[in-house]
$ cat work-v4.txt   # compact mmCIF, C-alpha atoms
# COMPACT_ATOMS: atom_id res chain seq x y z
CA MET A 1 2.12 -20.00 33.68
CA LYS A 2 2.11 -20.43 29.91
CA THR A 3 3.13 -23.85 28.60
CA ARG A 4 4.71 -24.94 25.33
CA SER A 5 1.30 -26.14 24.23
CA ASP A 6 -0.14 -22.67 24.89
CA ASN A 7 2.66 -21.08 22.88
CA ALA A 8 2.12 -23.49 19.99
CA GLN A 9 -1.62 -22.80 19.98
CA GLY A 10 -1.01 -19.07 20.19
CA ALA A 11 1.40 -19.21 17.25
CA LEU A 12 -1.12 -21.14 15.16
CA LEU A 13 -3.88 -18.68 16.04
CA MET A 14 -1.63 -15.74 15.12
CA MET A 15 -0.76 -17.32 11.76
CA ALA A 16 -4.44 -18.04 11.09
CA SER A 17 -5.34 -14.45 12.01
CA MET A 18 -2.71 -13.01 9.65
CA ALA A 19 -3.84 -15.37 6.88
CA SER A 20 -7.45 -14.22 7.35
CA PHE A 21 -6.55 -10.53 7.13
CA THR A 22 -4.38 -11.15 4.04
CA PHE A 23 -7.13 -13.11 2.28
CA ASN A 24 -9.46 -10.22 3.10
CA ASP A 25 -7.03 -7.85 1.40
CA ALA A 26 -6.88 -10.16 -1.62
CA CYS A 27 -10.69 -10.08 -1.92
CA ILE A 28 -10.70 -6.27 -1.87
CA LYS A 29 -7.90 -6.13 -4.44
CA ALA A 30 -9.77 -8.59 -6.66
CA ILE A 31 -12.78 -6.25 -6.67
CA GLY A 32 -10.49 -3.47 -7.95
CA GLU A 33 -12.28 -0.59 -9.64
CA ALA A 34 -15.43 -2.65 -10.29
CA MET A 35 -17.02 -1.18 -7.16
CA PRO A 36 -16.57 2.26 -5.54
CA LEU A 37 -14.55 2.15 -2.33
CA PRO A 38 -17.35 3.78 -0.24
CA GLN A 39 -19.73 1.00 -1.27
CA ILE A 40 -17.15 -1.61 -0.24
CA LEU A 41 -16.69 0.08 3.14
CA VAL A 42 -20.44 0.14 3.81
CA LEU A 43 -21.19 -3.42 2.70
CA ARG A 44 -18.18 -5.11 4.27
CA GLY A 45 -18.23 -2.89 7.35
CA SER A 46 -21.93 -3.51 8.04
CA LEU A 47 -21.42 -7.28 8.03
CA ALA A 48 -18.29 -7.06 10.18
CA SER A 49 -19.85 -4.58 12.62
CA ALA A 50 -22.91 -6.80 13.12
CA PHE A 51 -20.67 -9.73 14.03
CA ILE A 52 -18.43 -7.66 16.34
CA ALA A 53 -21.52 -6.29 18.10
CA LEU A 54 -22.87 -9.83 18.57
CA LEU A 55 -19.52 -11.04 19.90
CA ALA A 56 -19.21 -8.07 22.25
CA TRP A 57 -22.74 -8.67 23.53
CA ARG A 58 -22.10 -12.39 24.14
CA LEU A 59 -18.90 -11.56 26.04
CA GLY A 60 -20.53 -8.77 28.04
CA SER A 61 -18.35 -6.09 26.47
CA LEU A 62 -21.11 -3.71 25.36
CA ARG A 63 -21.10 -0.63 27.55
CA ALA A 64 -23.45 2.35 27.37
CA SER A 65 -20.95 4.52 29.22
CA LEU A 66 -17.19 4.68 29.24
CA PRO A 67 -14.73 6.45 31.55
CA ALA A 68 -14.62 10.15 30.72
CA GLY A 69 -10.94 10.03 29.86
CA ASP A 70 -11.45 7.16 27.42
CA ARG A 71 -14.29 8.69 25.41
CA ARG A 72 -12.02 11.12 23.59
CA LEU A 73 -9.45 8.37 23.03
CA VAL A 74 -12.10 6.06 21.56
CA LEU A 75 -13.14 8.79 19.10
CA MET A 76 -9.51 9.50 18.22
CA ARG A 77 -8.93 5.82 17.61
CA ALA A 78 -12.02 5.63 15.41
CA ALA A 79 -10.76 8.58 13.33
CA ALA A 80 -7.37 6.91 12.93
CA GLU A 81 -9.10 3.65 11.93
CA VAL A 82 -11.06 5.49 9.25
CA GLY A 83 -7.91 7.12 7.89
CA GLY A 84 -5.93 3.90 7.97
CA THR A 85 -8.68 1.93 6.22
CA PHE A 86 -9.20 4.52 3.49
CA PHE A 87 -5.52 5.04 2.66
CA PHE A 88 -4.62 1.35 2.95
CA LEU A 89 -7.43 0.10 0.72
CA THR A 90 -6.82 2.87 -1.82
CA ALA A 91 -3.14 1.91 -1.99
CA LEU A 92 -4.05 -1.79 -2.09
CA ARG A 93 -6.21 -1.32 -5.18
CA HIS A 94 -3.29 0.19 -7.09
CA MET A 95 -0.16 -1.51 -5.69
CA PRO A 96 1.05 -5.13 -5.53
CA LEU A 97 -0.39 -6.93 -2.51
CA ALA A 98 3.04 -7.91 -1.13
CA ASN A 99 4.37 -4.33 -1.34
CA VAL A 100 1.51 -2.85 0.68
CA THR A 101 1.61 -5.70 3.18
CA ALA A 102 5.36 -5.33 3.65
CA LEU A 103 5.01 -1.62 4.40
CA LEU A 104 2.34 -2.36 7.00
CA GLN A 105 4.82 -4.68 8.74
CA MET A 106 6.68 -1.56 9.85
CA LEU A 107 4.13 -1.17 12.65
CA PRO A 108 6.34 -2.50 15.52
CA LEU A 109 9.04 -0.03 14.46
CA THR A 110 6.73 2.97 14.09
CA LEU A 111 5.08 2.15 17.42
CA ALA A 112 8.46 2.14 19.15
CA LEU A 113 9.30 5.44 17.47
CA GLY A 114 5.93 6.98 18.34
CA SER A 115 6.17 5.86 21.95
CA ALA A 116 9.56 7.53 22.25
CA VAL A 117 8.50 10.76 20.55
CA PHE A 118 5.03 11.28 22.04
CA PHE A 119 5.23 9.48 25.38
CA ALA A 120 8.94 9.86 26.15
CA GLU A 121 9.29 6.11 26.62
CA PRO A 122 12.95 5.05 26.76
CA VAL A 123 14.33 3.47 23.59
CA GLY A 124 17.86 2.08 23.74
CA TRP A 125 20.45 2.41 21.01
CA ARG A 126 19.77 -1.13 19.74
CA ARG A 127 16.15 -0.36 18.98
CA TRP A 128 17.09 3.01 17.46
CA VAL A 129 19.41 1.14 15.08
CA ALA A 130 16.61 -1.35 14.31
CA ILE A 131 14.19 1.51 13.60
CA GLY A 132 16.71 3.18 11.30
CA LEU A 133 17.38 -0.03 9.37
CA GLY A 134 13.64 -0.66 9.14
CA PHE A 135 13.16 2.72 7.49
CA VAL A 136 15.94 1.86 5.05
CA GLY A 137 13.89 -1.23 4.20
CA MET A 138 10.86 1.00 3.65
CA LEU A 139 12.85 3.16 1.21
CA LEU A 140 13.91 0.05 -0.71
CA ILE A 141 10.22 -0.80 -1.18
CA VAL A 142 8.83 2.61 -2.17
CA ARG A 143 12.03 3.81 -3.94
CA PRO A 144 11.19 7.54 -4.13
CA GLY A 145 12.38 9.26 -7.29
CA THR A 146 12.24 6.11 -9.41
CA GLU A 147 9.70 4.83 -11.92
CA GLY A 148 8.30 2.43 -9.33
CA PHE A 149 7.30 5.28 -7.03
CA SER A 150 3.73 6.61 -7.15
CA LEU A 151 1.21 8.57 -5.13
CA TYR A 152 -0.18 5.28 -3.86
CA SER A 153 3.13 4.53 -2.16
CA VAL A 154 2.52 7.71 -0.15
CA TYR A 155 -1.01 6.51 0.59
CA ALA A 156 0.42 3.26 2.00
CA LEU A 157 2.81 5.20 4.25
CA VAL A 158 -0.02 7.46 5.44
CA ALA A 159 -1.96 4.29 6.28
CA VAL A 160 0.99 3.09 8.38
CA ALA A 161 1.00 6.46 10.19
CA CYS A 162 -2.76 6.21 10.85
CA VAL A 163 -2.51 2.65 12.18
CA THR A 164 0.41 3.71 14.38
CA MET A 165 -1.67 6.54 15.80
CA ARG A 166 -4.57 4.14 16.34
CA ASP A 167 -2.46 1.72 18.35
CA LEU A 168 -0.68 4.45 20.33
CA VAL A 169 -4.06 5.88 21.34
CA THR A 170 -5.28 2.39 22.27
CA ARG A 171 -2.33 2.01 24.65
CA ARG A 172 -3.45 5.08 26.59
CA MET A 173 -6.92 3.71 27.33
CA SER A 174 -7.76 2.35 30.75
CA ALA A 175 -8.15 -1.38 31.26
CA VAL A 176 -11.85 -1.01 32.17
CA THR A 177 -12.82 -0.09 28.60
CA PRO A 178 -13.54 -3.37 26.73
CA SER A 179 -11.39 -3.94 23.65
CA LEU A 180 -14.34 -5.27 21.64
CA MET A 181 -16.35 -2.15 22.42
CA VAL A 182 -13.51 -0.01 21.11
CA THR A 183 -13.26 -2.18 17.99
CA LEU A 184 -17.01 -1.90 17.40
CA VAL A 185 -16.96 1.91 17.58
CA SER A 186 -14.07 2.01 15.10
CA SER A 187 -15.83 -0.40 12.74
CA LEU A 188 -19.04 1.64 12.83
CA ALA A 189 -17.01 4.80 12.17
CA VAL A 190 -15.66 3.23 8.97
CA VAL A 191 -19.22 2.33 7.89
CA LEU A 192 -20.38 5.89 8.60
CA PHE A 193 -17.43 7.30 6.63
CA GLY A 194 -18.31 5.05 3.69
CA ALA A 195 -21.97 6.07 3.83
CA VAL A 196 -21.17 9.80 3.92
CA THR A 197 -18.61 9.66 1.11
CA SER A 198 -20.97 7.60 -1.05
CA VAL A 199 -23.52 10.42 -1.16
CA GLY A 200 -23.87 11.52 -4.76
CA GLU A 201 -21.95 8.49 -6.00
CA SER A 202 -23.75 5.72 -7.86
CA TRP A 203 -23.54 2.26 -6.35
CA VAL A 204 -22.97 -0.59 -8.76
CA PRO A 205 -25.30 -3.63 -8.87
CA LEU A 206 -24.03 -6.64 -6.97
CA THR A 207 -23.11 -9.34 -9.47
CA PRO A 208 -22.59 -12.88 -8.12
CA THR A 209 -18.80 -12.37 -8.33
CA LEU A 210 -18.84 -9.04 -6.50
CA ALA A 211 -21.23 -10.36 -3.87
CA ALA A 212 -18.99 -13.38 -3.28
CA LEU A 213 -15.90 -11.17 -2.94
CA ILE A 214 -17.62 -8.81 -0.50
CA ALA A 215 -18.97 -11.73 1.53
CA GLY A 216 -15.56 -13.39 1.50
CA SER A 217 -13.88 -10.18 2.62
CA ALA A 218 -16.34 -9.82 5.50
CA VAL A 219 -15.88 -13.45 6.56
CA PHE A 220 -12.10 -13.10 6.55
CA VAL A 221 -12.23 -9.82 8.51
CA ILE A 222 -14.55 -11.40 11.08
CA SER A 223 -12.28 -14.43 11.30
CA GLY A 224 -9.21 -12.23 11.69
CA TYR A 225 -10.81 -10.22 14.51
CA THR A 226 -12.00 -13.36 16.30
CA LEU A 227 -8.64 -15.10 16.06
CA SER A 228 -6.78 -11.98 17.20
CA VAL A 229 -8.94 -11.93 20.35
CA LEU A 230 -8.13 -15.59 20.99
CA VAL A 231 -4.42 -14.94 20.44
CA MET A 232 -4.33 -12.61 23.44
CA ARG A 233 -5.46 -15.49 25.67
CA LYS A 234 -2.81 -17.97 24.58
CA GLY A 235 0.95 -18.19 25.11
CA ASP A 236 3.67 -15.63 25.71
CA VAL A 237 3.50 -12.48 23.62
CA SER A 238 7.27 -12.59 23.06
CA PHE A 239 6.93 -16.03 21.45
CA ILE A 240 3.75 -15.37 19.47
CA ALA A 241 4.28 -11.81 18.17
CA PRO A 242 6.87 -12.61 15.43
CA PHE A 243 4.37 -14.95 13.77
CA ARG A 244 2.47 -11.85 12.65
CA TYR A 245 4.95 -11.66 9.78
CA THR A 246 3.53 -14.83 8.24
CA GLY A 247 0.96 -12.52 6.67
CA LEU A 248 3.71 -11.36 4.32
CA ILE A 249 4.25 -14.94 3.13
CA TRP A 250 0.55 -15.20 2.27
CA ALA A 251 0.72 -11.84 0.50
CA LEU A 252 3.65 -13.03 -1.62
CA LEU A 253 1.85 -16.27 -2.54
CA LEU A 254 -1.50 -14.65 -3.29
CA GLY A 255 0.15 -11.82 -5.19
CA ALA A 256 1.98 -14.28 -7.42
CA LEU A 257 -0.76 -16.88 -7.89
CA VAL A 258 -3.84 -14.65 -8.10
CA PHE A 259 -2.59 -11.30 -9.42
CA GLY A 260 0.61 -12.30 -11.22
CA ASP A 261 2.74 -9.93 -9.13
CA TRP A 262 6.15 -10.84 -7.75
CA PRO A 263 8.25 -8.15 -6.04
CA VAL A 264 11.55 -7.08 -7.58
CA PRO A 265 14.71 -8.05 -5.64
CA LEU A 266 15.03 -4.62 -4.00
CA THR A 267 11.48 -4.89 -2.64
CA LEU A 268 12.20 -8.36 -1.26
CA CYS A 269 15.37 -7.05 0.41
CA GLY A 270 13.41 -4.16 1.92
CA ALA A 271 10.69 -6.50 3.19
CA ALA A 272 13.31 -8.83 4.72
CA LEU A 273 14.95 -5.88 6.46
CA ILE A 274 11.61 -4.72 7.89
CA VAL A 275 10.76 -8.23 9.12
CA ALA A 276 14.19 -8.71 10.71
CA THR A 277 14.25 -5.35 12.49
CA GLY A 278 10.59 -5.59 13.50
CA SER A 279 11.11 -9.06 14.95
CA TYR A 280 14.13 -7.83 16.89
CA THR A 281 12.14 -4.86 18.21
CA LEU A 282 9.32 -7.12 19.40
CA TRP A 283 11.83 -9.48 21.06
CA ARG A 284 13.73 -6.65 22.71
CA GLU A 285 10.56 -5.06 24.09
CA SER A 286 9.45 -8.40 25.53
CA GLN A 287 12.84 -8.79 27.25
CA LEU A 288 12.58 -5.33 28.77
CA ARG A 289 9.04 -6.01 29.99
CA ARG A 290 10.15 -9.22 31.66
CA ARG A 291 13.06 -7.43 33.31
CA ALA A 292 10.78 -4.67 34.60
CA MET A 293 8.30 -7.23 35.97
CA ALA A 294 11.10 -9.14 37.71
CA GLN A 295 12.43 -5.96 39.29
CA ALA A 296 8.94 -4.96 40.45
CA LYS A 297 8.46 -8.42 41.96
CA MET A 298 11.77 -8.15 43.82
CA ARG A 299 10.82 -4.74 45.21
CA ARG A 300 7.51 -6.12 46.52
CA THR A 301 9.30 -8.95 48.31
$ encode --input "work-v4.txt" --output "structure tokens"
Amino acid sequence: MKTRSDNAQGALLMMASMASFTFNDACIKAIGEAMPLPQILVLRGSLASAFIALLAWRLGSLRASLPAGDRRLVLMRAAAEVGGTFFFLTALRHMPLANVTALLQMLPLTLALGSAVFFAEPVGWRRWVAIGLGFVGMLLIVRPGTEGFSLYSVYALVAVACVTMRDLVTRRMSAVTPSLMVTLVSSLAVVLFGAVTSVGESWVPLTPTLAALIAGSAVFVISGYTLSVLVMRKGDVSFIAPFRYTGLIWALLLGALVFGDWPVPLTLCGAALIVATGSYTLWRESQLRRRAMAQAKMRRT
């Protein structure tokens, strides 16, 4: 049984994980156009992959063979990871940090929508309303047809679609396939994608500043992955999950202090709407899971 102390630790770990991923994004954005994206993917991805492989080995998660049904899913997840990374980082280099981060917070809503559409999972009218309001929030951020809209807004939305596909595929995998093994394959796929797309493109020399930003990005990614693994072992998901939105607070602070960007009021309203509806969706799903578990327990007795 999870205690209040477990929940508090889990919340702190979730906040630290979100902070790590946001600081990673800030490092990539700070590099900007000074380094080709394929070079960033190879350098950062190689460092992160080496650490994930070491962690998976220490935890006994490296497997030479996987269940036949999971192999295709692992490859599909890796492809979605590549797409999500490419489109997200491309959008990040050209959009305010808080805007891109806010759009990525739509994930709980798009996962609920994807589960209903592709897996016929039941979604009640309350969550349908939340999904609809969340998409209104998305429109307030990208504002199609206005001067603030650009191709990179579309890139950010494609990244959300790719990450949604990645997580939906992950849900279909069997429990015997180690999560770290799946993460390692996806990370190596991103490195391979960066290496292939860098063919014929000149790499830039690593200046001390660029090297520090790449190293910092890798450290923050590694930290984010490690903390996210620890989160799963602490507290109740229903209590911890909403703390994922603290990443948006970091994005607002870093965007203002480092890059001089502060979202316009409509963007802030859209982000608030996404956070509110996403938090409700996470809470509602946790309530339904608890109810289903209680009913299953009663049937067994």
$ closest_atom_pairs --input "work-v4.txt" --of "stretch 58-103 of chain A" --to "stretch 194-215 of chain A" --cutoff "12 Å" --atoms "all atoms listed in the file" --output "JSON lines"
{"residue": "A:Val82", "atom": "CA", "partner": "A:Gly194", "partner_atom": "CA", "distance": 9.1}
{"residue": "A:Gly83", "atom": "CA", "partner": "A:Gly194", "partner_atom": "CA", "distance": 11.4}
{"residue": "A:Thr85", "atom": "CA", "partner": "A:Gly194", "partner_atom": "CA", "distance": 10.4}
{"residue": "A:Phe86", "atom": "CA", "partner": "A:Gly194", "partner_atom": "CA", "distance": 9.1}
$ atom_distance --input "work-v4.txt" --atom1 "atom CA of A:Phe88" --atom2 "atom CA of A:Val158"
8.0 Å
$ atom_distance --input "work-v4.txt" --atom1 "atom CA of A:Trp250" --atom2 "atom CA of A:Val182"
28.0 Å
$ closest_residue --input "work-v4.txt" --among "A:Ala16, A:Leu54, A:Leu140, A:Ala120" --to "A:Phe220" --atoms "all atoms listed in the file"
A:Ala16
$ residues_near_point --input "work-v4.txt" --point "(13.2, 1.5, 9.3)" --cutoff "12 Å" --atoms "all atoms listed in the file" --output "ChimeraX atom specification"
/A:102-113,127-141,270-278,281
$ closest_residue --input "work-v4.txt" --among "A:Leu97, A:Leu13, A:Leu248, A:Ala241" --to "A:Thr226" --atoms "all atoms listed in the file"
A:Leu13
$ atom_distance --input "work-v4.txt" --atom1 "atom CA of A:Ala91" --atom2 "atom CA of A:Ala30"
13.3 Å
$ build_atoms --input "work-v4.txt" --residues "stretch 127-152 of chain A" --atoms "N, CA and C atoms" --output "short mmCIF file (atom, residue, chain, number, x, y, z; two decimals), in the frame of the given file"
data_model
loop_
_atom_site.label_atom_id
_atom_site.label_comp_id
_atom_site.auth_asym_id
_atom_site.auth_seq_id
_atom_site.Cartn_x
_atom_site.Cartn_y
_atom_site.Cartn_z
N ARG A 127 17.43 -0.53 19.67
CA ARG A 127 16.15 -0.36 18.98
C ARG A 127 16.18 0.84 18.04
N TRP A 128 16.95 1.88 18.39
CA TRP A 128 17.09 3.01 17.46
C TRP A 128 17.74 2.54 16.16
N VAL A 129 18.77 1.69 16.28
CA VAL A 129 19.41 1.14 15.08
C VAL A 129 18.41 0.31 14.28
N ALA A 130 17.61 -0.52 14.99
CA ALA A 130 16.61 -1.35 14.31
C ALA A 130 15.59 -0.47 13.58
N ILE A 131 15.15 0.60 14.23
CA ILE A 131 14.19 1.51 13.60
C ILE A 131 14.79 2.13 12.34
N GLY A 132 16.05 2.58 12.46
CA GLY A 132 16.71 3.18 11.30
C GLY A 132 16.85 2.21 10.14
N LEU A 133 17.25 0.98 10.43
CA LEU A 133 17.38 -0.03 9.37
C LEU A 133 16.01 -0.38 8.78
N GLY A 134 14.99 -0.39 9.63
CA GLY A 134 13.64 -0.66 9.14
C GLY A 134 13.19 0.41 8.15
N PHE A 135 13.53 1.65 8.42
CA PHE A 135 13.16 2.72 7.49
C PHE A 135 13.97 2.65 6.20
N VAL A 136 15.19 2.13 6.27
CA VAL A 136 15.94 1.86 5.05
C VAL A 136 15.20 0.81 4.22
N GLY A 137 14.69 -0.23 4.89
CA GLY A 137 13.89 -1.23 4.20
C GLY A 137 12.66 -0.62 3.54
N MET A 138 12.02 0.31 4.23
CA MET A 138 10.86 1.00 3.65
C MET A 138 11.25 1.74 2.38
N LEU A 139 12.40 2.43 2.39
CA LEU A 139 12.85 3.16 1.21
C LEU A 139 13.16 2.22 0.04
N LEU A 140 13.65 1.02 0.35
CA LEU A 140 13.91 0.05 -0.71
C LEU A 140 12.61 -0.41 -1.37
N ILE A 141 11.51 -0.38 -0.62
CA ILE A 141 10.22 -0.80 -1.18
C ILE A 141 9.58 0.32 -2.00
N VAL A 142 9.53 1.53 -1.46
CA VAL A 142 8.83 2.61 -2.17
C VAL A 142 9.73 3.27 -3.21
N ARG A 143 11.05 3.26 -2.99
CA ARG A 143 12.03 3.81 -3.94
C ARG A 143 11.62 5.17 -4.49
N PRO A 144 11.57 6.21 -3.65
CA PRO A 144 11.19 7.54 -4.13
C PRO A 144 12.15 8.05 -5.21
N GLY A 145 11.57 8.72 -6.21
CA GLY A 145 12.38 9.26 -7.29
C GLY A 145 12.61 8.31 -8.44
N THR A 146 12.08 7.08 -8.33
CA THR A 146 12.24 6.11 -9.41
C THR A 146 10.89 5.89 -10.10
N GLU A 147 10.92 5.10 -11.18
CA GLU A 147 9.70 4.83 -11.92
C GLU A 147 8.70 4.03 -11.09
N GLY A 148 9.19 3.25 -10.14
CA GLY A 148 8.30 2.43 -9.33
C GLY A 148 7.56 3.20 -8.26
N PHE A 149 7.93 4.48 -8.06
CA PHE A 149 7.30 5.28 -7.03
C PHE A 149 6.03 5.93 -7.57
N SER A 150 4.98 5.98 -6.74
CA SER A 150 3.73 6.61 -7.15
C SER A 150 3.06 7.23 -5.94
N LEU A 151 1.99 7.97 -6.20
CA LEU A 151 1.21 8.57 -5.13
C LEU A 151 0.68 7.51 -4.18
N TYR A 152 0.40 6.33 -4.70
CA TYR A 152 -0.18 5.28 -3.86
C TYR A 152 0.83 4.72 -2.86
#
